[in-house]
file data_14.tsv (TSV, C-alpha atoms and all ligand atoms)
chain	number	residue	atom	x	y	z
A	72	MET	CA	-6.25	81.85	-8.02
A	73	VAL	CA	-7.07	80.75	-4.49
A	74	LEU	CA	-9.76	83.37	-4.34
A	75	THR	CA	-11.53	82.15	-7.49
A	76	ILE	CA	-11.49	78.61	-6.19
A	77	GLU	CA	-12.98	79.74	-2.93
A	78	VAL	CA	-15.63	81.72	-4.73
A	79	LYS	CA	-16.48	78.72	-6.87
A	80	LEU	CA	-16.71	76.51	-3.82
A	81	GLY	CA	-18.94	79.08	-2.23
A	82	THR	CA	-21.39	79.18	-5.11
A	83	LEU	CA	-21.35	75.40	-5.29
A	84	LYS	CA	-22.24	75.18	-1.62
A	85	LEU	CA	-24.94	77.77	-2.08
A	86	GLY	CA	-26.32	75.83	-5.01
A	87	ILE	CA	-26.49	72.66	-2.98
A	88	ARG	CA	-28.16	74.49	-0.14
A	89	ASN	CA	-30.77	75.87	-2.53
A	90	MET	CA	-31.37	72.40	-3.93
A	91	ASP	CA	-31.92	71.13	-0.42
A	92	LYS	CA	-34.37	73.92	0.22
A	93	GLU	CA	-36.29	73.06	-2.92
A	94	LYS	CA	-36.38	69.38	-1.93
A	95	GLU	CA	-37.51	70.37	1.53
A	96	ARG	CA	-40.30	72.47	0.04
A	97	ILE	CA	-41.46	69.61	-2.17
A	98	ARG	CA	-41.40	67.20	0.74
A	99	TRP	CA	-43.37	69.63	2.89
A	100	ARG	CA	-45.95	70.19	0.17
A	101	GLU	CA	-46.30	66.45	-0.32
A	102	SER	CA	-46.85	65.80	3.37
A	103	LYS	CA	-49.42	68.61	3.50
A	104	ARG	CA	-51.23	67.08	0.57
A	105	LYS	CA	-51.32	63.69	2.27
A	106	GLN	CA	-52.58	65.26	5.49
A	107	ARG	CA	-55.41	66.87	3.62
A	108	GLN	CA	-56.57	63.49	2.40
A	109	ASN	CA	-57.12	62.50	6.00
A	110	PRO	CA	-60.66	63.54	7.01
A	111	LEU	CA	-59.62	63.85	10.63
A	112	VAL	CA	-56.97	66.42	9.84
A	113	VAL	CA	-59.35	68.33	7.59
A	114	GLN	CA	-61.93	68.36	10.37
A	115	LYS	CA	-59.38	69.61	12.92
A	116	GLU	CA	-58.25	72.29	10.55
A	117	LYS	CA	-61.82	73.40	10.02
A	118	GLU	CA	-62.43	73.56	13.77
A	119	TYR	CA	-59.26	75.52	14.29
A	120	LYS	CA	-60.21	77.95	11.57
A	121	SER	CA	-63.72	78.48	12.85
A	122	LYS	CA	-62.35	79.19	16.33
A	123	ASN	CA	-59.69	81.57	15.09
A	124	THR	CA	-61.50	83.55	12.45
A	125	GLU	CA	-60.16	86.88	13.66
A	126	LYS	CA	-56.60	85.56	13.75
A	127	GLN	CA	-57.15	83.94	10.38
A	128	LYS	CA	-58.39	87.16	8.89
A	129	VAL	CA	-55.37	89.09	10.09
A	130	TYR	CA	-53.08	86.35	8.90
A	131	SER	CA	-54.58	86.09	5.45
A	132	ARG	CA	-54.60	89.85	5.09
A	133	GLU	CA	-50.95	89.99	6.04
A	134	SER	CA	-49.94	87.11	3.84
A	135	ALA	CA	-51.81	88.71	0.96
A	136	ARG	CA	-49.85	91.90	1.51
A	137	ARG	CA	-46.60	89.95	1.78
A	138	ASN	CA	-47.28	88.02	-1.42
A	139	MET	CA	-48.48	91.02	-3.36
A	140	PRO	CA	-45.22	91.69	-5.19
A	141	LYS	CA	-45.00	88.01	-6.08
A	142	VAL	CA	-48.54	87.98	-7.41
A	143	VAL	CA	-47.95	91.13	-9.41
A	144	GLN	CA	-44.75	89.64	-10.78
A	145	ARG	CA	-46.44	86.40	-11.73
A	146	THR	CA	-49.29	88.23	-13.42
A	147	LYS	CA	-46.78	90.27	-15.35
A	148	GLU	CA	-44.86	87.18	-16.41
A	149	PHE	CA	-48.06	85.47	-17.43
A	150	ARG	CA	-49.15	88.48	-19.43
A	151	GLU	CA	-45.82	88.60	-21.22
A	152	SER	CA	-45.73	84.91	-22.06
A	153	ASN	CA	-49.43	84.66	-22.94
A	154	PRO	CA	-50.32	87.98	-24.57
A	155	GLU	CA	-53.16	86.45	-26.57
A	156	LYS	CA	-54.88	84.96	-23.55
A	157	TYR	CA	-54.45	88.12	-21.58
A	158	LYS	CA	-55.88	90.26	-24.35
A	159	ALA	CA	-58.83	87.91	-24.75
A	160	TRP	CA	-59.60	88.10	-21.05
A	161	ILE	CA	-59.46	91.86	-20.93
A	162	GLU	CA	-61.52	92.23	-24.07
A	163	ALA	CA	-64.20	89.80	-22.93
A	164	GLY	CA	-64.19	91.27	-19.44
A	165	LYS	CA	-64.98	94.69	-20.84
A	166	LYS	CA	-67.59	93.71	-23.38
A	167	ILE	CA	-69.34	90.58	-22.22
A	168	LYS	CA	-71.53	90.86	-19.18
A	169	LEU	CA	-71.71	87.97	-16.79
A	170	GLU	CA	-75.35	87.23	-16.33
A	171	GLY	CA	-77.85	84.44	-16.14
A	172	LEU	CA	-77.19	80.79	-15.62
A	173	CYS	CA	-74.23	78.67	-16.60
A	174	GLN	CA	-74.60	77.69	-20.23
A	175	ARG	CA	-73.58	74.11	-19.58
A	176	CYS	CA	-75.30	72.86	-16.44
A	177	LYS	CA	-78.01	75.57	-16.47
A	178	LYS	CA	-78.16	75.28	-12.70
A	179	ASN	CA	-75.52	77.53	-11.20
A	180	ARG	CA	-75.10	81.20	-11.79
A	181	ALA	CA	-72.53	82.01	-14.47
A	182	THR	CA	-69.45	83.49	-12.85
A	183	ASP	CA	-66.73	82.80	-15.41
A	184	ARG	CA	-66.03	83.53	-19.03
A	185	HIS	CA	-64.57	80.58	-20.84
A	186	HIS	CA	-62.67	81.00	-24.10
A	187	PRO	CA	-62.85	77.90	-26.31
A	188	ASP	CA	-60.58	79.78	-28.71
A	189	TYR	CA	-58.37	82.64	-27.56
A	190	SER	CA	-58.00	84.01	-31.04
A	191	LYS	CA	-61.69	84.95	-30.83
A	192	PRO	CA	-61.74	87.04	-27.69
A	193	LEU	CA	-65.46	87.78	-27.82
A	194	GLU	CA	-66.60	84.23	-28.31
A	195	VAL	CA	-67.02	83.06	-24.76
A	196	GLU	CA	-69.17	80.65	-22.87
A	197	LEU	CA	-70.63	81.90	-19.62
A	198	LEU	CA	-70.03	79.19	-17.09
A	199	CYS	CA	-70.08	78.40	-13.42
A	200	LYS	CA	-66.82	77.51	-11.67
A	201	PRO	CA	-67.16	73.69	-11.79
A	202	CYS	CA	-68.15	73.70	-15.46
A	203	HIS	CA	-65.33	76.09	-16.26
A	204	LYS	CA	-62.86	73.69	-14.71
A	205	LYS	CA	-64.22	70.89	-16.85
A	206	ALA	CA	-64.17	73.06	-19.95
A	207	ASP	CA	-60.53	73.98	-19.39
A	208	LYS	CA	-59.64	70.34	-18.95
A	209	GLU	CA	-61.36	69.49	-22.22
A	210	ARG	CA	-59.47	72.21	-24.01
A	211	ILE	CA	-56.15	70.92	-22.69
A	212	GLU	CA	-57.05	67.44	-23.86
A	213	ASN	CA	-58.09	68.71	-27.29
A	214	ASP	CA	-54.86	70.65	-27.66
A	215	ARG	CA	-52.84	67.50	-27.25
A	301	ZN	ZN	-72.21	74.92	-14.79

call {"tool": "encode", "arguments": {"input": "data_14.tsv", "output": "structure tokens"}}
result
Amino acid sequence: MVLTIEVKLGTLKLGIRNMDKEKERIRWRESKRKQRQNPLVVQKEKEYKSKNTEKQKVYSRESARRNMPKVVQRTKEFRESNPEKYKAWIEAGKKIKLEGLCQRCKKNRATDRHHPDYSKPLEVELLCKPCHKKADKERIENDR
């Protein structure tokens, strides 16, 4: 009896601690975001990065390696919850060559395949990154 109560208290404490961690993370992210809106901070960051390229490279390589399992896991989860999207991407990636200019702005090189409709995997628009962002936004708005 005493033991179960202690165990319960333990998990409760752990839960609270995790909640605090999550709050902390959100707060940290928020402050980072605010910092980035300050041109001075952005400038400093740029200077730091340009002076520490070698360090940066090592760091990003290491963090990529560290995050690999997470990335793989997220990809897997995404694939499982969005099988249609995933299939459309693979299909289009195999069969539709990226070439020429973006079909919307006709200025930048096309680097992305945009699916207006995932149920038609081979109907894609070849777009540049900025236009693709816009196109995705439009689709989200149309879905609503
Ligand atoms: Zn474009």

call {"tool": "residues_near_ligand", "arguments": {"input": "data_14.tsv", "ligand": "ligand ZN 301 (chain A)", "cutoff": "9 Å", "atoms": "all atoms listed in the file", "output": "list in words"}}
result
Leu172, Cys173, Gln174, Arg175, Cys176, Lys177, Lys178, Asn179, Arg180, Ala181, Leu197, Leu198, Cys199, Lys200, Pro201, Cys202 and His203 of chain A

call {"tool": "atom_distance", "arguments": {"input": "data_14.tsv", "atom1": "atom CA of A:Val113", "atom2": "atom CA of A:Arg137"}}
result
25.8 Å

call {"tool": "atom_distance", "arguments": {"input": "data_14.tsv", "atom1": "atom CA of A:Ile161", "atom2": "atom CA of A:Lys147"}}
result
13.9 Å

call {"tool": "residues_around", "arguments": {"input": "data_14.tsv", "residues": "A:Glu194", "least_positions_apart": "5", "cutoff": "10 Å", "atoms": "all atoms listed in the file", "output": "ChimeraX atom specification"}}
result
/A:159,163,167,184-189

call {"tool": "atom_distance", "arguments": {"input": "data_14.tsv", "atom1": "atom CA of A:Glu162", "atom2": "atom CA of A:Ser190"}}
result
11.3 Å

call {"tool": "decode", "arguments": {"input": "data_14.tsv", "residues": "stretch 129-174 of chain A", "atoms": "N, CA and C atoms", "output": "PDB file, in the first residue's frame"}}
result
ATOM      1  N   VAL A 129      31.802  20.855 -38.124  1.00  0.00           N
ATOM      2  CA  VAL A 129      31.909  19.689 -37.244  1.00  0.00           C
ATOM      3  C   VAL A 129      30.635  19.574 -36.415  1.00  0.00           C
ATOM      4  N   TYR A 130      30.205  20.718 -35.898  1.00  0.00           N
ATOM      5  CA  TYR A 130      29.016  20.701 -35.051  1.00  0.00           C
ATOM      6  C   TYR A 130      27.801  20.208 -35.813  1.00  0.00           C
ATOM      7  N   SER A 131      27.608  20.750 -37.017  1.00  0.00           N
ATOM      8  CA  SER A 131      26.393  20.365 -37.731  1.00  0.00           C
ATOM      9  C   SER A 131      26.456  18.903 -38.160  1.00  0.00           C
ATOM     10  N   ARG A 132      27.685  18.457 -38.473  1.00  0.00           N
ATOM     11  CA  ARG A 132      27.824  17.048 -38.839  1.00  0.00           C
ATOM     12  C   ARG A 132      27.447  16.170 -37.639  1.00  0.00           C
ATOM     13  N   GLU A 133      27.981  16.591 -36.467  1.00  0.00           N
ATOM     14  CA  GLU A 133      27.708  15.783 -35.279  1.00  0.00           C
ATOM     15  C   GLU A 133      26.241  15.823 -34.889  1.00  0.00           C
ATOM     16  N   SER A 134      25.649  17.008 -34.992  1.00  0.00           N
ATOM     17  CA  SER A 134      24.247  17.087 -34.594  1.00  0.00           C
ATOM     18  C   SER A 134      23.382  16.316 -35.582  1.00  0.00           C
ATOM     19  N   ALA A 135      23.799  16.298 -36.845  1.00  0.00           N
ATOM     20  CA  ALA A 135      23.050  15.513 -37.824  1.00  0.00           C
ATOM     21  C   ALA A 135      23.107  14.042 -37.456  1.00  0.00           C
ATOM     22  N   ARG A 136      24.310  13.600 -37.053  1.00  0.00           N
ATOM     23  CA  ARG A 136      24.456  12.190 -36.680  1.00  0.00           C
ATOM     24  C   ARG A 136      23.613  11.879 -35.441  1.00  0.00           C
ATOM     25  N   ARG A 137      23.665  12.833 -34.475  1.00  0.00           N
ATOM     26  CA  ARG A 137      22.909  12.631 -33.237  1.00  0.00           C
ATOM     27  C   ARG A 137      21.410  12.558 -33.512  1.00  0.00           C
ATOM     28  N   ASN A 138      20.944  13.410 -34.447  1.00  0.00           N
ATOM     29  CA  ASN A 138      19.501  13.477 -34.679  1.00  0.00           C
ATOM     30  C   ASN A 138      18.998  12.437 -35.671  1.00  0.00           C
ATOM     31  N   MET A 139      19.944  11.707 -36.254  1.00  0.00           N
ATOM     32  CA  MET A 139      19.567  10.753 -37.290  1.00  0.00           C
ATOM     33  C   MET A 139      18.416   9.839 -36.872  1.00  0.00           C
ATOM     34  N   PRO A 140      18.537   9.166 -35.725  1.00  0.00           N
ATOM     35  CA  PRO A 140      17.444   8.253 -35.358  1.00  0.00           C
ATOM     36  C   PRO A 140      16.113   8.988 -35.262  1.00  0.00           C
ATOM     37  N   LYS A 141      16.159  10.215 -34.746  1.00  0.00           N
ATOM     38  CA  LYS A 141      14.939  11.002 -34.617  1.00  0.00           C
ATOM     39  C   LYS A 141      14.343  11.287 -35.994  1.00  0.00           C
ATOM     40  N   VAL A 142      15.224  11.673 -36.920  1.00  0.00           N
ATOM     41  CA  VAL A 142      14.760  12.002 -38.262  1.00  0.00           C
ATOM     42  C   VAL A 142      14.144  10.770 -38.914  1.00  0.00           C
ATOM     43  N   VAL A 143      14.862   9.650 -38.777  1.00  0.00           N
ATOM     44  CA  VAL A 143      14.360   8.410 -39.359  1.00  0.00           C
ATOM     45  C   VAL A 143      12.993   8.082 -38.771  1.00  0.00           C
ATOM     46  N   GLN A 144      12.906   8.228 -37.449  1.00  0.00           N
ATOM     47  CA  GLN A 144      11.656   7.928 -36.762  1.00  0.00           C
ATOM     48  C   GLN A 144      10.531   8.833 -37.263  1.00  0.00           C
ATOM     49  N   ARG A 145      10.845  10.119 -37.393  1.00  0.00           N
ATOM     50  CA  ARG A 145       9.811  11.052 -37.832  1.00  0.00           C
ATOM     51  C   ARG A 145       9.363  10.747 -39.255  1.00  0.00           C
ATOM     52  N   THR A 146      10.343  10.409 -40.101  1.00  0.00           N
ATOM     53  CA  THR A 146      10.002  10.068 -41.482  1.00  0.00           C
ATOM     54  C   THR A 146       9.078   8.863 -41.493  1.00  0.00           C
ATOM     55  N   LYS A 147       9.419   7.899 -40.644  1.00  0.00           N
ATOM     56  CA  LYS A 147       8.635   6.672 -40.591  1.00  0.00           C
ATOM     57  C   LYS A 147       7.208   6.987 -40.130  1.00  0.00           C
ATOM     58  N   GLU A 148       7.114   7.813 -39.094  1.00  0.00           N
ATOM     59  CA  GLU A 148       5.789   8.176 -38.591  1.00  0.00           C
ATOM     60  C   GLU A 148       4.990   8.912 -39.649  1.00  0.00           C
ATOM     61  N   PHE A 149       5.690   9.803 -40.345  1.00  0.00           N
ATOM     62  CA  PHE A 149       5.007  10.576 -41.383  1.00  0.00           C
ATOM     63  C   PHE A 149       4.489   9.640 -42.466  1.00  0.00           C
ATOM     64  N   ARG A 150       5.359   8.716 -42.858  1.00  0.00           N
ATOM     65  CA  ARG A 150       5.003   7.779 -43.919  1.00  0.00           C
ATOM     66  C   ARG A 150       3.773   6.973 -43.518  1.00  0.00           C
ATOM     67  N   GLU A 151       3.755   6.571 -42.228  1.00  0.00           N
ATOM     68  CA  GLU A 151       2.642   5.739 -41.782  1.00  0.00           C
ATOM     69  C   GLU A 151       1.334   6.523 -41.667  1.00  0.00           C
ATOM     70  N   SER A 152       1.450   7.814 -41.277  1.00  0.00           N
ATOM     71  CA  SER A 152       0.202   8.561 -41.133  1.00  0.00           C
ATOM     72  C   SER A 152      -0.212   9.253 -42.433  1.00  0.00           C
ATOM     73  N   ASN A 153       0.700   9.348 -43.398  1.00  0.00           N
ATOM     74  CA  ASN A 153       0.341   9.965 -44.675  1.00  0.00           C
ATOM     75  C   ASN A 153       0.763   9.086 -45.858  1.00  0.00           C
ATOM     76  N   PRO A 154       0.246   7.864 -45.917  1.00  0.00           N
ATOM     77  CA  PRO A 154       0.734   6.950 -46.951  1.00  0.00           C
ATOM     78  C   PRO A 154       0.505   7.483 -48.368  1.00  0.00           C
ATOM     79  N   GLU A 155      -0.576   8.228 -48.547  1.00  0.00           N
ATOM     80  CA  GLU A 155      -0.892   8.724 -49.885  1.00  0.00           C
ATOM     81  C   GLU A 155       0.141   9.753 -50.348  1.00  0.00           C
ATOM     82  N   LYS A 156       0.447  10.680 -49.433  1.00  0.00           N
ATOM     83  CA  LYS A 156       1.438  11.701 -49.764  1.00  0.00           C
ATOM     84  C   LYS A 156       2.775  11.058 -50.079  1.00  0.00           C
ATOM     85  N   TYR A 157       3.153  10.124 -49.204  1.00  0.00           N
ATOM     86  CA  TYR A 157       4.449   9.498 -49.357  1.00  0.00           C
ATOM     87  C   TYR A 157       4.549   8.783 -50.694  1.00  0.00           C
ATOM     88  N   LYS A 158       3.497   8.051 -51.029  1.00  0.00           N
ATOM     89  CA  LYS A 158       3.483   7.317 -52.296  1.00  0.00           C
ATOM     90  C   LYS A 158       3.597   8.283 -53.476  1.00  0.00           C
ATOM     91  N   ALA A 159       2.836   9.389 -53.371  1.00  0.00           N
ATOM     92  CA  ALA A 159       2.850  10.372 -54.458  1.00  0.00           C
ATOM     93  C   ALA A 159       4.254  10.944 -54.645  1.00  0.00           C
ATOM     94  N   TRP A 160       4.926  11.203 -53.529  1.00  0.00           N
ATOM     95  CA  TRP A 160       6.277  11.760 -53.637  1.00  0.00           C
ATOM     96  C   TRP A 160       7.230  10.800 -54.319  1.00  0.00           C
ATOM     97  N   ILE A 161       7.173   9.546 -53.846  1.00  0.00           N
ATOM     98  CA  ILE A 161       8.076   8.550 -54.399  1.00  0.00           C
ATOM     99  C   ILE A 161       7.821   8.375 -55.897  1.00  0.00           C
ATOM    100  N   GLU A 162       6.546   8.219 -56.212  1.00  0.00           N
ATOM    101  CA  GLU A 162       6.141   8.004 -57.600  1.00  0.00           C
ATOM    102  C   GLU A 162       6.633   9.156 -58.491  1.00  0.00           C
ATOM    103  N   ALA A 163       6.329  10.367 -58.074  1.00  0.00           N
ATOM    104  CA  ALA A 163       6.709  11.538 -58.865  1.00  0.00           C
ATOM    105  C   ALA A 163       8.228  11.666 -58.933  1.00  0.00           C
ATOM    106  N   GLY A 164       8.882  11.359 -57.809  1.00  0.00           N
ATOM    107  CA  GLY A 164      10.339  11.456 -57.772  1.00  0.00           C
ATOM    108  C   GLY A 164      10.983  10.523 -58.769  1.00  0.00           C
ATOM    109  N   LYS A 165      10.381   9.355 -58.965  1.00  0.00           N
ATOM    110  CA  LYS A 165      10.943   8.382 -59.896  1.00  0.00           C
ATOM    111  C   LYS A 165      10.676   8.793 -61.339  1.00  0.00           C
ATOM    112  N   LYS A 166       9.469   9.298 -61.594  1.00  0.00           N
ATOM    113  CA  LYS A 166       9.052   9.423 -62.990  1.00  0.00           C
ATOM    114  C   LYS A 166       9.090  10.826 -63.565  1.00  0.00           C
ATOM    115  N   ILE A 167       9.102  11.824 -62.703  1.00  0.00           N
ATOM    116  CA  ILE A 167       9.060  13.177 -63.257  1.00  0.00           C
ATOM    117  C   ILE A 167      10.365  13.899 -62.991  1.00  0.00           C
ATOM    118  N   LYS A 168      11.042  14.219 -64.091  1.00  0.00           N
ATOM    119  CA  LYS A 168      12.352  14.840 -63.988  1.00  0.00           C
ATOM    120  C   LYS A 168      12.199  16.310 -63.640  1.00  0.00           C
ATOM    121  N   LEU A 169      13.071  16.751 -62.759  1.00  0.00           N
ATOM    122  CA  LEU A 169      13.083  18.177 -62.425  1.00  0.00           C
ATOM    123  C   LEU A 169      13.937  18.880 -63.450  1.00  0.00           C
ATOM    124  N   GLU A 170      13.303  19.715 -64.257  1.00  0.00           N
ATOM    125  CA  GLU A 170      14.115  20.435 -65.236  1.00  0.00           C
ATOM    126  C   GLU A 170      13.429  21.730 -65.614  1.00  0.00           C
ATOM    127  N   GLY A 171      14.194  22.614 -66.160  1.00  0.00           N
ATOM    128  CA  GLY A 171      13.662  23.880 -66.647  1.00  0.00           C
ATOM    129  C   GLY A 171      13.355  24.857 -65.529  1.00  0.00           C
ATOM    130  N   LEU A 172      12.542  25.823 -65.881  1.00  0.00           N
ATOM    131  CA  LEU A 172      12.237  26.891 -64.942  1.00  0.00           C
ATOM    132  C   LEU A 172      10.956  26.604 -64.179  1.00  0.00           C
ATOM    133  N   CYS A 173      10.837  27.261 -63.060  1.00  0.00           N
ATOM    134  CA  CYS A 173       9.637  27.174 -62.235  1.00  0.00           C
ATOM    135  C   CYS A 173       8.416  27.540 -63.084  1.00  0.00           C
ATOM    136  N   GLN A 174       7.373  26.723 -62.960  1.00  0.00           N
ATOM    137  CA  GLN A 174       6.213  26.940 -63.826  1.00  0.00           C
ATOM    138  C   GLN A 174       5.364  28.126 -63.379  1.00  0.00           C
TER     139      GLN A 174
END
